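S.K.: My structure is in run-v9.pdb, and what it holds is PDB, C-alpha atoms and all ligand atoms:
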```
ATOM      1  CA  MET A   6     -64.091  32.569 -41.603  1.00  0.00           C
ATOM      2  CA  LEU A   7     -63.708  34.001 -45.087  1.00  0.00           C
ATOM      3  CA  SER A   8     -66.830  35.201 -46.855  1.00  0.00           C
ATOM      4  CA  GLU A   9     -67.764  33.354 -50.022  1.00  0.00           C
ATOM      5  CA  SER A  10     -66.265  35.969 -52.351  1.00  0.00           C
ATOM      6  CA  ALA A  11     -63.097  36.300 -50.298  1.00  0.00           C
ATOM      7  CA  ASP A  12     -62.810  32.538 -50.391  1.00  0.00           C
ATOM      8  CA  ALA A  13     -63.219  32.541 -54.183  1.00  0.00           C
ATOM      9  CA  ARG A  14     -60.568  35.263 -54.492  1.00  0.00           C
ATOM     10  CA  MET A  15     -58.148  33.245 -52.372  1.00  0.00           C
ATOM     11  CA  LYS A  16     -58.791  30.166 -54.530  1.00  0.00           C
ATOM     12  CA  ALA A  17     -57.993  32.254 -57.605  1.00  0.00           C
ATOM     13  CA  HIS A  18     -54.771  33.507 -55.986  1.00  0.00           C
ATOM     14  CA  GLU A  19     -53.792  29.920 -55.235  1.00  0.00           C
ATOM     15  CA  GLY A  20     -54.471  28.909 -58.820  1.00  0.00           C
ATOM     16  CA  TRP A  21     -52.128  31.598 -60.170  1.00  0.00           C
ATOM     17  CA  MET A  22     -49.554  30.805 -57.507  1.00  0.00           C
ATOM     18  CA  ARG A  23     -49.511  27.234 -58.811  1.00  0.00           C
ATOM     19  CA  GLU A  24     -48.433  28.643 -62.183  1.00  0.00           C
ATOM     20  CA  ALA A  25     -45.606  30.494 -60.454  1.00  0.00           C
ATOM     21  CA  LEU A  26     -44.680  27.299 -58.607  1.00  0.00           C
ATOM     22  CA  ARG A  27     -44.540  25.424 -61.899  1.00  0.00           C
ATOM     23  CA  ALA A  28     -42.071  28.020 -63.210  1.00  0.00           C
ATOM     24  CA  ALA A  29     -40.078  27.679 -59.983  1.00  0.00           C
ATOM     25  CA  ARG A  30     -39.802  23.920 -60.544  1.00  0.00           C
ATOM     26  CA  ASP A  31     -38.688  24.509 -64.137  1.00  0.00           C
ATOM     27  CA  ALA A  32     -35.997  26.821 -62.762  1.00  0.00           C
ATOM     28  CA  GLN A  33     -34.922  24.151 -60.306  1.00  0.00           C
ATOM     29  CA  ALA A  34     -34.572  21.686 -63.174  1.00  0.00           C
ATOM     30  CA  ARG A  35     -32.103  24.146 -64.734  1.00  0.00           C
ATOM     31  CA  ASP A  36     -30.174  24.286 -61.449  1.00  0.00           C
ATOM     32  CA  GLU A  37     -31.481  27.762 -60.709  1.00  0.00           C
ATOM     33  CA  VAL A  38     -32.738  28.911 -57.299  1.00  0.00           C
ATOM     34  CA  PRO A  39     -36.363  27.707 -57.466  1.00  0.00           C
ATOM     35  CA  ILE A  40     -38.331  30.935 -57.519  1.00  0.00           C
ATOM     36  CA  GLY A  41     -41.119  31.558 -59.999  1.00  0.00           C
ATOM     37  CA  ALA A  42     -43.353  34.498 -60.838  1.00  0.00           C
ATOM     38  CA  CYS A  43     -46.278  35.259 -63.089  1.00  0.00           C
ATOM     39  CA  VAL A  44     -48.188  38.382 -64.046  1.00  0.00           C
ATOM     40  CA  VAL A  45     -51.970  38.357 -64.354  1.00  0.00           C
ATOM     41  CA  VAL A  46     -54.053  41.107 -65.949  1.00  0.00           C
ATOM     42  CA  GLY A  47     -57.806  40.632 -65.774  1.00  0.00           C
ATOM     43  CA  GLN A  48     -58.205  36.887 -65.853  1.00  0.00           C
ATOM     44  CA  GLU A  49     -55.266  36.308 -68.149  1.00  0.00           C
ATOM     45  CA  MET A  50     -51.713  35.279 -67.339  1.00  0.00           C
ATOM     46  CA  VAL A  51     -49.662  37.581 -69.567  1.00  0.00           C
ATOM     47  CA  ALA A  52     -46.204  36.385 -68.468  1.00  0.00           C
ATOM     48  CA  VAL A  53     -44.558  33.700 -66.373  1.00  0.00           C
ATOM     49  CA  SER A  54     -40.937  32.922 -65.595  1.00  0.00           C
ATOM     50  CA  GLY A  55     -38.598  31.202 -63.218  1.00  0.00           C
ATOM     51  CA  ASN A  56     -35.210  32.513 -62.150  1.00  0.00           C
ATOM     52  CA  ARG A  57     -32.744  32.629 -65.047  1.00  0.00           C
ATOM     53  CA  THR A  58     -29.609  34.216 -63.552  1.00  0.00           C
ATOM     54  CA  ARG A  59     -27.355  31.267 -64.334  1.00  0.00           C
ATOM     55  CA  THR A  60     -29.082  30.298 -67.568  1.00  0.00           C
ATOM     56  CA  ASP A  61     -28.772  33.835 -68.938  1.00  0.00           C
ATOM     57  CA  CYS A  62     -25.590  34.763 -67.039  1.00  0.00           C
ATOM     58  CA  ASP A  63     -27.482  37.845 -65.873  1.00  0.00           C
ATOM     59  CA  PRO A  64     -27.548  38.990 -62.240  1.00  0.00           C
ATOM     60  CA  THR A  65     -30.844  40.809 -62.844  1.00  0.00           C
ATOM     61  CA  ALA A  66     -32.627  37.783 -64.314  1.00  0.00           C
ATOM     62  CA  HIS A  67     -34.834  37.123 -61.292  1.00  0.00           C
ATOM     63  CA  ALA A  68     -38.218  35.547 -62.013  1.00  0.00           C
ATOM     64  CA  GLU A  69     -40.137  38.734 -61.223  1.00  0.00           C
ATOM     65  CA  ILE A  70     -37.993  40.926 -63.516  1.00  0.00           C
ATOM     66  CA  ILE A  71     -38.315  38.557 -66.466  1.00  0.00           C
ATOM     67  CA  ALA A  72     -42.074  38.238 -65.901  1.00  0.00           C
ATOM     68  CA  LEU A  73     -42.516  42.031 -65.675  1.00  0.00           C
ATOM     69  CA  ARG A  74     -40.564  42.543 -68.905  1.00  0.00           C
ATOM     70  CA  GLY A  75     -42.627  39.893 -70.670  1.00  0.00           C
ATOM     71  CA  ALA A  76     -45.890  41.372 -69.389  1.00  0.00           C
ATOM     72  CA  ALA A  77     -45.001  44.917 -70.475  1.00  0.00           C
ATOM     73  CA  ARG A  78     -44.094  43.691 -73.954  1.00  0.00           C
ATOM     74  CA  LYS A  79     -47.258  41.626 -74.201  1.00  0.00           C
ATOM     75  CA  ILE A  80     -49.634  44.429 -73.247  1.00  0.00           C
ATOM     76  CA  GLY A  81     -47.562  47.126 -74.958  1.00  0.00           C
ATOM     77  CA  ASN A  82     -47.260  49.324 -71.887  1.00  0.00           C
ATOM     78  CA  TYR A  83     -44.396  49.702 -69.436  1.00  0.00           C
ATOM     79  CA  ARG A  84     -46.903  50.695 -66.767  1.00  0.00           C
ATOM     80  CA  LEU A  85     -48.634  47.619 -65.393  1.00  0.00           C
ATOM     81  CA  SER A  86     -51.138  49.388 -63.194  1.00  0.00           C
ATOM     82  CA  GLU A  87     -53.826  46.707 -63.599  1.00  0.00           C
ATOM     83  CA  ALA A  88     -51.437  43.836 -63.003  1.00  0.00           C
ATOM     84  CA  ILE A  89     -51.203  41.344 -60.174  1.00  0.00           C
ATOM     85  CA  VAL A  90     -47.756  39.811 -59.730  1.00  0.00           C
ATOM     86  CA  TYR A  91     -47.483  36.391 -58.105  1.00  0.00           C
ATOM     87  CA  SER A  92     -44.114  35.359 -56.744  1.00  0.00           C
ATOM     88  CA  THR A  93     -43.349  32.164 -54.853  1.00  0.00           C
ATOM     89  CA  ILE A  94     -40.929  34.001 -52.538  1.00  0.00           C
ATOM     90  CA  GLU A  95     -40.931  37.495 -51.039  1.00  0.00           C
ATOM     91  CA  PRO A  96     -39.248  39.747 -53.640  1.00  0.00           C
ATOM     92  CA  CYS A  97     -35.748  41.154 -53.100  1.00  0.00           C
ATOM     93  CA  ALA A  98     -34.921  44.880 -53.154  1.00  0.00           C
ATOM     94  CA  MET A  99     -34.323  44.896 -56.916  1.00  0.00           C
ATOM     95  CA  CYS A 100     -37.590  43.154 -57.716  1.00  0.00           C
ATOM     96  CA  ALA A 101     -39.633  45.141 -55.205  1.00  0.00           C
ATOM     97  CA  GLY A 102     -38.162  48.279 -56.821  1.00  0.00           C
ATOM     98  CA  ALA A 103     -39.211  46.998 -60.238  1.00  0.00           C
ATOM     99  CA  LEU A 104     -42.773  46.465 -58.975  1.00  0.00           C
ATOM    100  CA  ILE A 105     -42.808  50.131 -57.969  1.00  0.00           C
ATOM    101  CA  GLN A 106     -41.394  51.224 -61.355  1.00  0.00           C
ATOM    102  CA  ALA A 107     -44.074  49.179 -63.120  1.00  0.00           C
ATOM    103  CA  ARG A 108     -46.833  50.647 -60.892  1.00  0.00           C
ATOM    104  CA  VAL A 109     -48.098  47.153 -60.151  1.00  0.00           C
ATOM    105  CA  LYS A 110     -51.412  47.104 -58.303  1.00  0.00           C
ATOM    106  CA  LEU A 111     -51.043  43.981 -56.184  1.00  0.00           C
ATOM    107  CA  LEU A 112     -48.238  41.610 -55.223  1.00  0.00           C
ATOM    108  CA  VAL A 113     -49.101  38.134 -53.968  1.00  0.00           C
ATOM    109  CA  TYR A 114     -46.251  36.045 -52.619  1.00  0.00           C
ATOM    110  CA  GLY A 115     -45.809  32.662 -50.996  1.00  0.00           C
ATOM    111  CA  ALA A 116     -43.061  32.447 -48.410  1.00  0.00           C
ATOM    112  CA  GLN A 117     -41.105  35.136 -46.654  1.00  0.00           C
ATOM    113  CA  ASP A 118     -37.355  35.459 -47.387  1.00  0.00           C
ATOM    114  CA  ASP A 119     -35.609  36.159 -44.090  1.00  0.00           C
ATOM    115  CA  ARG A 120     -32.376  37.110 -45.799  1.00  0.00           C
ATOM    116  CA  ALA A 121     -33.240  39.090 -48.903  1.00  0.00           C
ATOM    117  CA  GLY A 122     -36.964  39.867 -48.676  1.00  0.00           C
ATOM    118  CA  ALA A 123     -37.556  43.593 -49.181  1.00  0.00           C
ATOM    119  CA  VAL A 124     -41.335  43.786 -48.908  1.00  0.00           C
ATOM    120  CA  HIS A 125     -42.098  42.699 -45.379  1.00  0.00           C
ATOM    121  CA  THR A 126     -38.812  41.454 -43.873  1.00  0.00           C
ATOM    122  CA  HIS A 127     -36.513  44.375 -44.774  1.00  0.00           C
ATOM    123  CA  PHE A 128     -36.999  47.862 -46.250  1.00  0.00           C
ATOM    124  CA  GLN A 129     -40.782  47.552 -46.793  1.00  0.00           C
ATOM    125  CA  ILE A 130     -40.290  48.917 -50.312  1.00  0.00           C
ATOM    126  CA  CYS A 131     -43.843  48.215 -51.495  1.00  0.00           C
ATOM    127  CA  SER A 132     -45.373  50.313 -48.720  1.00  0.00           C
ATOM    128  CA  SER A 133     -42.737  53.033 -48.318  1.00  0.00           C
ATOM    129  CA  ASP A 134     -44.100  56.574 -48.297  1.00  0.00           C
ATOM    130  CA  GLN A 135     -40.726  57.766 -49.597  1.00  0.00           C
ATOM    131  CA  LEU A 136     -41.572  56.280 -52.983  1.00  0.00           C
ATOM    132  CA  ASN A 137     -44.156  57.529 -55.453  1.00  0.00           C
ATOM    133  CA  HIS A 138     -46.222  54.362 -55.638  1.00  0.00           C
ATOM    134  CA  ARG A 139     -47.434  51.733 -53.228  1.00  0.00           C
ATOM    135  CA  VAL A 140     -48.180  48.135 -54.067  1.00  0.00           C
ATOM    136  CA  GLU A 141     -50.822  46.238 -52.116  1.00  0.00           C
ATOM    137  CA  VAL A 142     -49.464  42.978 -50.751  1.00  0.00           C
ATOM    138  CA  ILE A 143     -50.962  39.613 -49.873  1.00  0.00           C
ATOM    139  CA  GLU A 144     -48.488  37.186 -48.342  1.00  0.00           C
ATOM    140  CA  GLY A 145     -48.515  33.541 -47.385  1.00  0.00           C
ATOM    141  CA  VAL A 146     -50.394  32.073 -50.375  1.00  0.00           C
ATOM    142  CA  LEU A 147     -49.341  28.401 -50.718  1.00  0.00           C
ATOM    143  CA  GLU A 148     -46.581  29.338 -48.319  1.00  0.00           C
ATOM    144  CA  SER A 149     -45.464  25.846 -47.319  1.00  0.00           C
ATOM    145  CA  GLU A 150     -45.189  24.602 -50.923  1.00  0.00           C
ATOM    146  CA  CYS A 151     -43.163  27.674 -51.895  1.00  0.00           C
ATOM    147  CA  ARG A 152     -40.894  27.358 -48.872  1.00  0.00           C
ATOM    148  CA  GLU A 153     -40.404  23.604 -49.188  1.00  0.00           C
ATOM    149  CA  LEU A 154     -39.178  23.977 -52.759  1.00  0.00           C
ATOM    150  CA  MET A 155     -36.454  26.325 -51.514  1.00  0.00           C
ATOM    151  CA  GLN A 156     -35.585  24.151 -48.520  1.00  0.00           C
ATOM    152  CA  GLU A 157     -35.272  21.103 -50.719  1.00  0.00           C
ATOM    153  CA  PHE A 158     -33.022  22.981 -53.147  1.00  0.00           C
ATOM    154  CA  PHE A 159     -30.651  24.328 -50.508  1.00  0.00           C
ATOM    155  CA  ARG A 160     -30.560  21.019 -48.643  1.00  0.00           C
ATOM    156  CA  ALA A 161     -29.421  19.332 -51.850  1.00  0.00           C
ATOM    157  CA  ARG A 162     -26.874  22.094 -52.396  1.00  0.00           C
ATOM    158  CA  ARG A 163     -25.430  21.708 -48.919  1.00  0.00           C
ATOM    159  CA  GLN A 164     -25.135  17.971 -49.390  1.00  0.00           C
ATOM    160  CA  SER A 165     -23.378  18.250 -52.717  1.00  0.00           C
ATOM    161  CA  SER A 166     -19.621  18.628 -52.746  1.00  0.00           C
ATOM    162  CA  GLU A 167     -19.635  21.958 -54.559  1.00  0.00           C
ATOM    163  CA  VAL A 168     -21.232  23.927 -51.732  1.00  0.00           C
ATOM    164  CA  GLY A 169     -18.565  26.673 -51.734  1.00  0.00           C
ATOM    165  CA  ASP A 170     -19.851  29.882 -53.266  1.00  0.00           C
ATOM    166  CA  GLN A 171     -23.413  28.621 -53.602  1.00  0.00           C
ATOM    167  CA  LYS A 172     -23.812  28.753 -49.882  1.00  0.00           C
ATOM    168  CA  SER A 173     -23.703  32.512 -49.996  1.00  0.00           C
ATOM    169  CA  ILE A 174     -26.861  32.716 -52.142  1.00  0.00           C
ATOM    170  CA  SER A 175     -29.056  31.885 -49.183  1.00  0.00           C
ATOM    171  CA  SER A 176     -29.309  29.218 -46.582  1.00  0.00           C
ATOM    172  CA  ASP A 177     -32.164  30.610 -44.571  1.00  0.00           C
ATOM    173  CA  PHE A 178     -34.843  28.387 -46.071  1.00  0.00           C
TER     174      PHE A 178
HETATM  175 ZN    ZN A 201     -35.370  39.606 -56.965  1.00  0.00          ZN
END
```
So that I can check it, write out the structure of this file as structure tokens.

M.R.:
Amino acid sequence: MLSESADARMKAHEGWMREALRAARDAQARDEVPIGACVVVGQEMVAVSGNRTRTDCDPTAHAEIIALRGAARKIGNYRLSEAIVYSTIEPCAMCAGALIQARVKLLVYGAQDDRAGAVHTHFQICSSDQLNHRVEVIEGVLESECRELMQEFFRARRQSSEVGDQKSISSDF
């Protein structure tokens, strides 16, 4: 059983994850892969974004990257050493690398990504001793909600006629 303070911390993590989930749903409404991320410093959410790769025609426009950029601009520092990043899905290699570059303190994510996840599933970028920074990780916060959003999205994609190239994005959810 969680102690009272650990329980309160987990409730807080869930609250911020709901903000990331909201951004993921906004992304879905734009026909983007429904992943969302937010950055929290102290008790304040300094940035939030969903995926924007199609919207912005930018292969690097993953939710975590956009949120990190927004957070750095907002606090006026490219080092985010006091930041907690919430992501609905386990970050990919690019995003995990960006968390290292930003010196993020803690990453909290929802569901594992069996195909592209680079934190726990592959590479273990956030805990690699070959890199000059390590990010603490908490996984599985609101996991089923985060995963279901992805499953729903890819199920709809598979059912639509234009499956084709979209199928290659991911079908592991
Ligand atoms: Zn990514």

S.K.: What does the PyMOL selection byres (((chain A and resi 30-39) around 8) and not hetatm) select in this file, as JSON, numbers by chain?

M.R.: {"A": [26, 27, 28, 29, 40, 41, 55, 56, 57, 58, 59, 60, 154, 155, 158]}

S.K.: Can you list every residue of chain A that has an atom at most 7 Å from ligand ZN 201 (chain A), with its nearest atom pair and the distance in Å to one decimal, using only C-alpha atoms and all ligand atoms, ordered by chain then number, as JSON lines?

M.R.:
```
{"residue": "A:His67", "atom": "CA", "partner": "A:ZN201", "partner_atom": "ZN", "distance": 5.0}
{"residue": "A:Glu69", "atom": "CA", "partner": "A:ZN201", "partner_atom": "ZN", "distance": 6.5}
{"residue": "A:Pro96", "atom": "CA", "partner": "A:ZN201", "partner_atom": "ZN", "distance": 5.1}
{"residue": "A:Cys97", "atom": "CA", "partner": "A:ZN201", "partner_atom": "ZN", "distance": 4.2}
{"residue": "A:Ala98", "atom": "CA", "partner": "A:ZN201", "partner_atom": "ZN", "distance": 6.5}
{"residue": "A:Met99", "atom": "CA", "partner": "A:ZN201", "partner_atom": "ZN", "distance": 5.4}
{"residue": "A:Cys100", "atom": "CA", "partner": "A:ZN201", "partner_atom": "ZN", "distance": 4.3}
```

S.K.: Starting from the shown file, work through the PyMOL selection byres (((chain A and resi 145-152) around 8) and not hetatm) and note down what comes out as a VMD selection string.

M.R.: chain A and resid 18 to 19 22 26 93 to 94 113 to 117 143 to 144 153 to 156 178

S.K.: Which one of A:Leu85, A:Cys62, A:Tyr91, A:Lys79 sits closest to A:Ala25 if you count only C-alpha atoms?

M.R.: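 Checking each of A:Leu85, A:Cys62, A:Tyr91, A:Lys79 against A:Ala25, counting only C-alpha atoms, the winner is A:Tyr91.
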
S.K.: Give as a JSON list (two decimals) with C-alpha atoms, keeping the file's coordinate frame the residues that the PyMOL selection byres (((chain A and resi 112) around 9) and not hetatm) matches when applied to the coordinates above.

M.R.:
```json
[["chain", "number", "residue", "atom", "x", "y", "z"],
["A", 88, "ALA", "CA", -51.44, 43.84, -63.00],
["A", 89, "ILE", "CA", -51.20, 41.34, -60.17],
["A", 90, "VAL", "CA", -47.76, 39.81, -59.73],
["A", 91, "TYR", "CA", -47.48, 36.39, -58.10],
["A", 92, "SER", "CA", -44.11, 35.36, -56.74],
["A", 104, "LEU", "CA", -42.77, 46.46, -58.98],
["A", 109, "VAL", "CA", -48.10, 47.15, -60.15],
["A", 110, "LYS", "CA", -51.41, 47.10, -58.30],
["A", 111, "LEU", "CA", -51.04, 43.98, -56.18],
["A", 113, "VAL", "CA", -49.10, 38.13, -53.97],
["A", 114, "TYR", "CA", -46.25, 36.04, -52.62],
["A", 131, "CYS", "CA", -43.84, 48.22, -51.50],
["A", 140, "VAL", "CA", -48.18, 48.14, -54.07],
["A", 141, "GLU", "CA", -50.82, 46.24, -52.12],
["A", 142, "VAL", "CA", -49.46, 42.98, -50.75],
["A", 143, "ILE", "CA", -50.96, 39.61, -49.87],
["A", 144, "GLU", "CA", -48.49, 37.19, -48.34]]
```

S.K.: Complete stretch 103-132 of chain A at the level of N, CA and C atoms, written as a CSV table (one decimal), keeping the file's coordinate frame.

M.R.:
```
chain,number,residue,atom,x,y,z
A,103,ALA,N,-38.6,47.1,-58.9
A,103,ALA,CA,-39.2,47.0,-60.2
A,103,ALA,C,-40.7,47.0,-60.2
A,104,LEU,N,-41.3,46.4,-59.1
A,104,LEU,CA,-42.8,46.5,-59.0
A,104,LEU,C,-43.3,47.9,-58.8
A,105,ILE,N,-42.5,48.7,-58.1
A,105,ILE,CA,-42.8,50.1,-58.0
A,105,ILE,C,-42.7,50.8,-59.3
A,106,GLN,N,-41.6,50.6,-60.0
A,106,GLN,CA,-41.4,51.2,-61.4
A,106,GLN,C,-42.5,50.9,-62.3
A,107,ALA,N,-43.0,49.6,-62.2
A,107,ALA,CA,-44.1,49.2,-63.1
A,107,ALA,C,-45.5,49.6,-62.7
A,108,ARG,N,-45.5,50.2,-61.5
A,108,ARG,CA,-46.8,50.6,-60.9
A,108,ARG,C,-47.8,49.5,-60.7
A,109,VAL,N,-47.3,48.3,-60.3
A,109,VAL,CA,-48.1,47.2,-60.2
A,109,VAL,C,-49.1,47.4,-59.0
A,110,LYS,N,-50.3,46.9,-59.2
A,110,LYS,CA,-51.4,47.1,-58.3
A,110,LYS,C,-51.3,46.2,-57.1
A,111,LEU,N,-51.0,44.9,-57.3
A,111,LEU,CA,-51.0,44.0,-56.2
A,111,LEU,C,-49.9,43.0,-56.3
A,112,LEU,N,-49.2,42.7,-55.3
A,112,LEU,CA,-48.2,41.6,-55.2
A,112,LEU,C,-48.8,40.5,-54.3
A,113,VAL,N,-48.7,39.3,-54.8
A,113,VAL,CA,-49.1,38.1,-54.0
A,113,VAL,C,-47.9,37.2,-53.9
A,114,TYR,N,-47.4,37.0,-52.7
A,114,TYR,CA,-46.3,36.0,-52.6
A,114,TYR,C,-46.5,34.9,-51.6
A,115,GLY,N,-45.7,33.9,-51.8
A,115,GLY,CA,-45.8,32.7,-51.0
A,115,GLY,C,-45.1,32.8,-49.7
A,116,ALA,N,-43.8,32.5,-49.7
A,116,ALA,CA,-43.1,32.4,-48.4
A,116,ALA,C,-42.2,33.7,-48.3
A,117,GLN,N,-42.0,34.0,-47.0
A,117,GLN,CA,-41.1,35.1,-46.7
A,117,GLN,C,-39.6,34.7,-46.9
A,118,ASP,N,-38.8,35.7,-47.2
A,118,ASP,CA,-37.4,35.5,-47.4
A,118,ASP,C,-36.6,36.2,-46.3
A,119,ASP,N,-36.2,35.5,-45.3
A,119,ASP,CA,-35.6,36.2,-44.1
A,119,ASP,C,-34.3,36.9,-44.4
A,120,ARG,N,-33.6,36.5,-45.5
A,120,ARG,CA,-32.4,37.1,-45.8
A,120,ARG,C,-32.5,38.3,-46.7
A,121,ALA,N,-33.2,38.1,-47.8
A,121,ALA,CA,-33.2,39.1,-48.9
A,121,ALA,C,-34.6,39.8,-49.1
A,122,GLY,N,-35.6,39.3,-48.4
A,122,GLY,CA,-37.0,39.9,-48.7
A,122,GLY,C,-37.0,41.4,-48.4
A,123,ALA,N,-37.6,42.1,-49.3
A,123,ALA,CA,-37.6,43.6,-49.2
A,123,ALA,C,-39.0,44.2,-49.2
A,124,VAL,N,-40.0,43.3,-48.9
A,124,VAL,CA,-41.3,43.8,-48.9
A,124,VAL,C,-41.8,43.9,-47.5
A,125,HIS,N,-41.6,42.8,-46.8
A,125,HIS,CA,-42.1,42.7,-45.4
A,125,HIS,C,-40.9,42.6,-44.4
A,126,THR,N,-39.9,41.8,-44.8
A,126,THR,CA,-38.8,41.5,-43.9
A,126,THR,C,-37.9,42.6,-43.7
A,127,HIS,N,-37.4,43.2,-44.8
A,127,HIS,CA,-36.5,44.4,-44.8
A,127,HIS,C,-37.1,45.5,-45.7
A,128,PHE,N,-36.7,46.7,-45.4
A,128,PHE,CA,-37.0,47.9,-46.2
A,128,PHE,C,-38.5,48.3,-46.5
A,129,GLN,N,-39.4,47.3,-46.5
A,129,GLN,CA,-40.8,47.6,-46.8
A,129,GLN,C,-41.0,48.5,-48.0
A,130,ILE,N,-40.3,48.1,-49.1
A,130,ILE,CA,-40.3,48.9,-50.3
A,130,ILE,C,-41.7,49.1,-50.9
A,131,CYS,N,-42.5,48.1,-50.9
A,131,CYS,CA,-43.8,48.2,-51.5
A,131,CYS,C,-44.8,49.1,-50.7
A,132,SER,N,-44.5,49.4,-49.5
A,132,SER,CA,-45.4,50.3,-48.7
A,132,SER,C,-44.7,51.6,-48.2
```
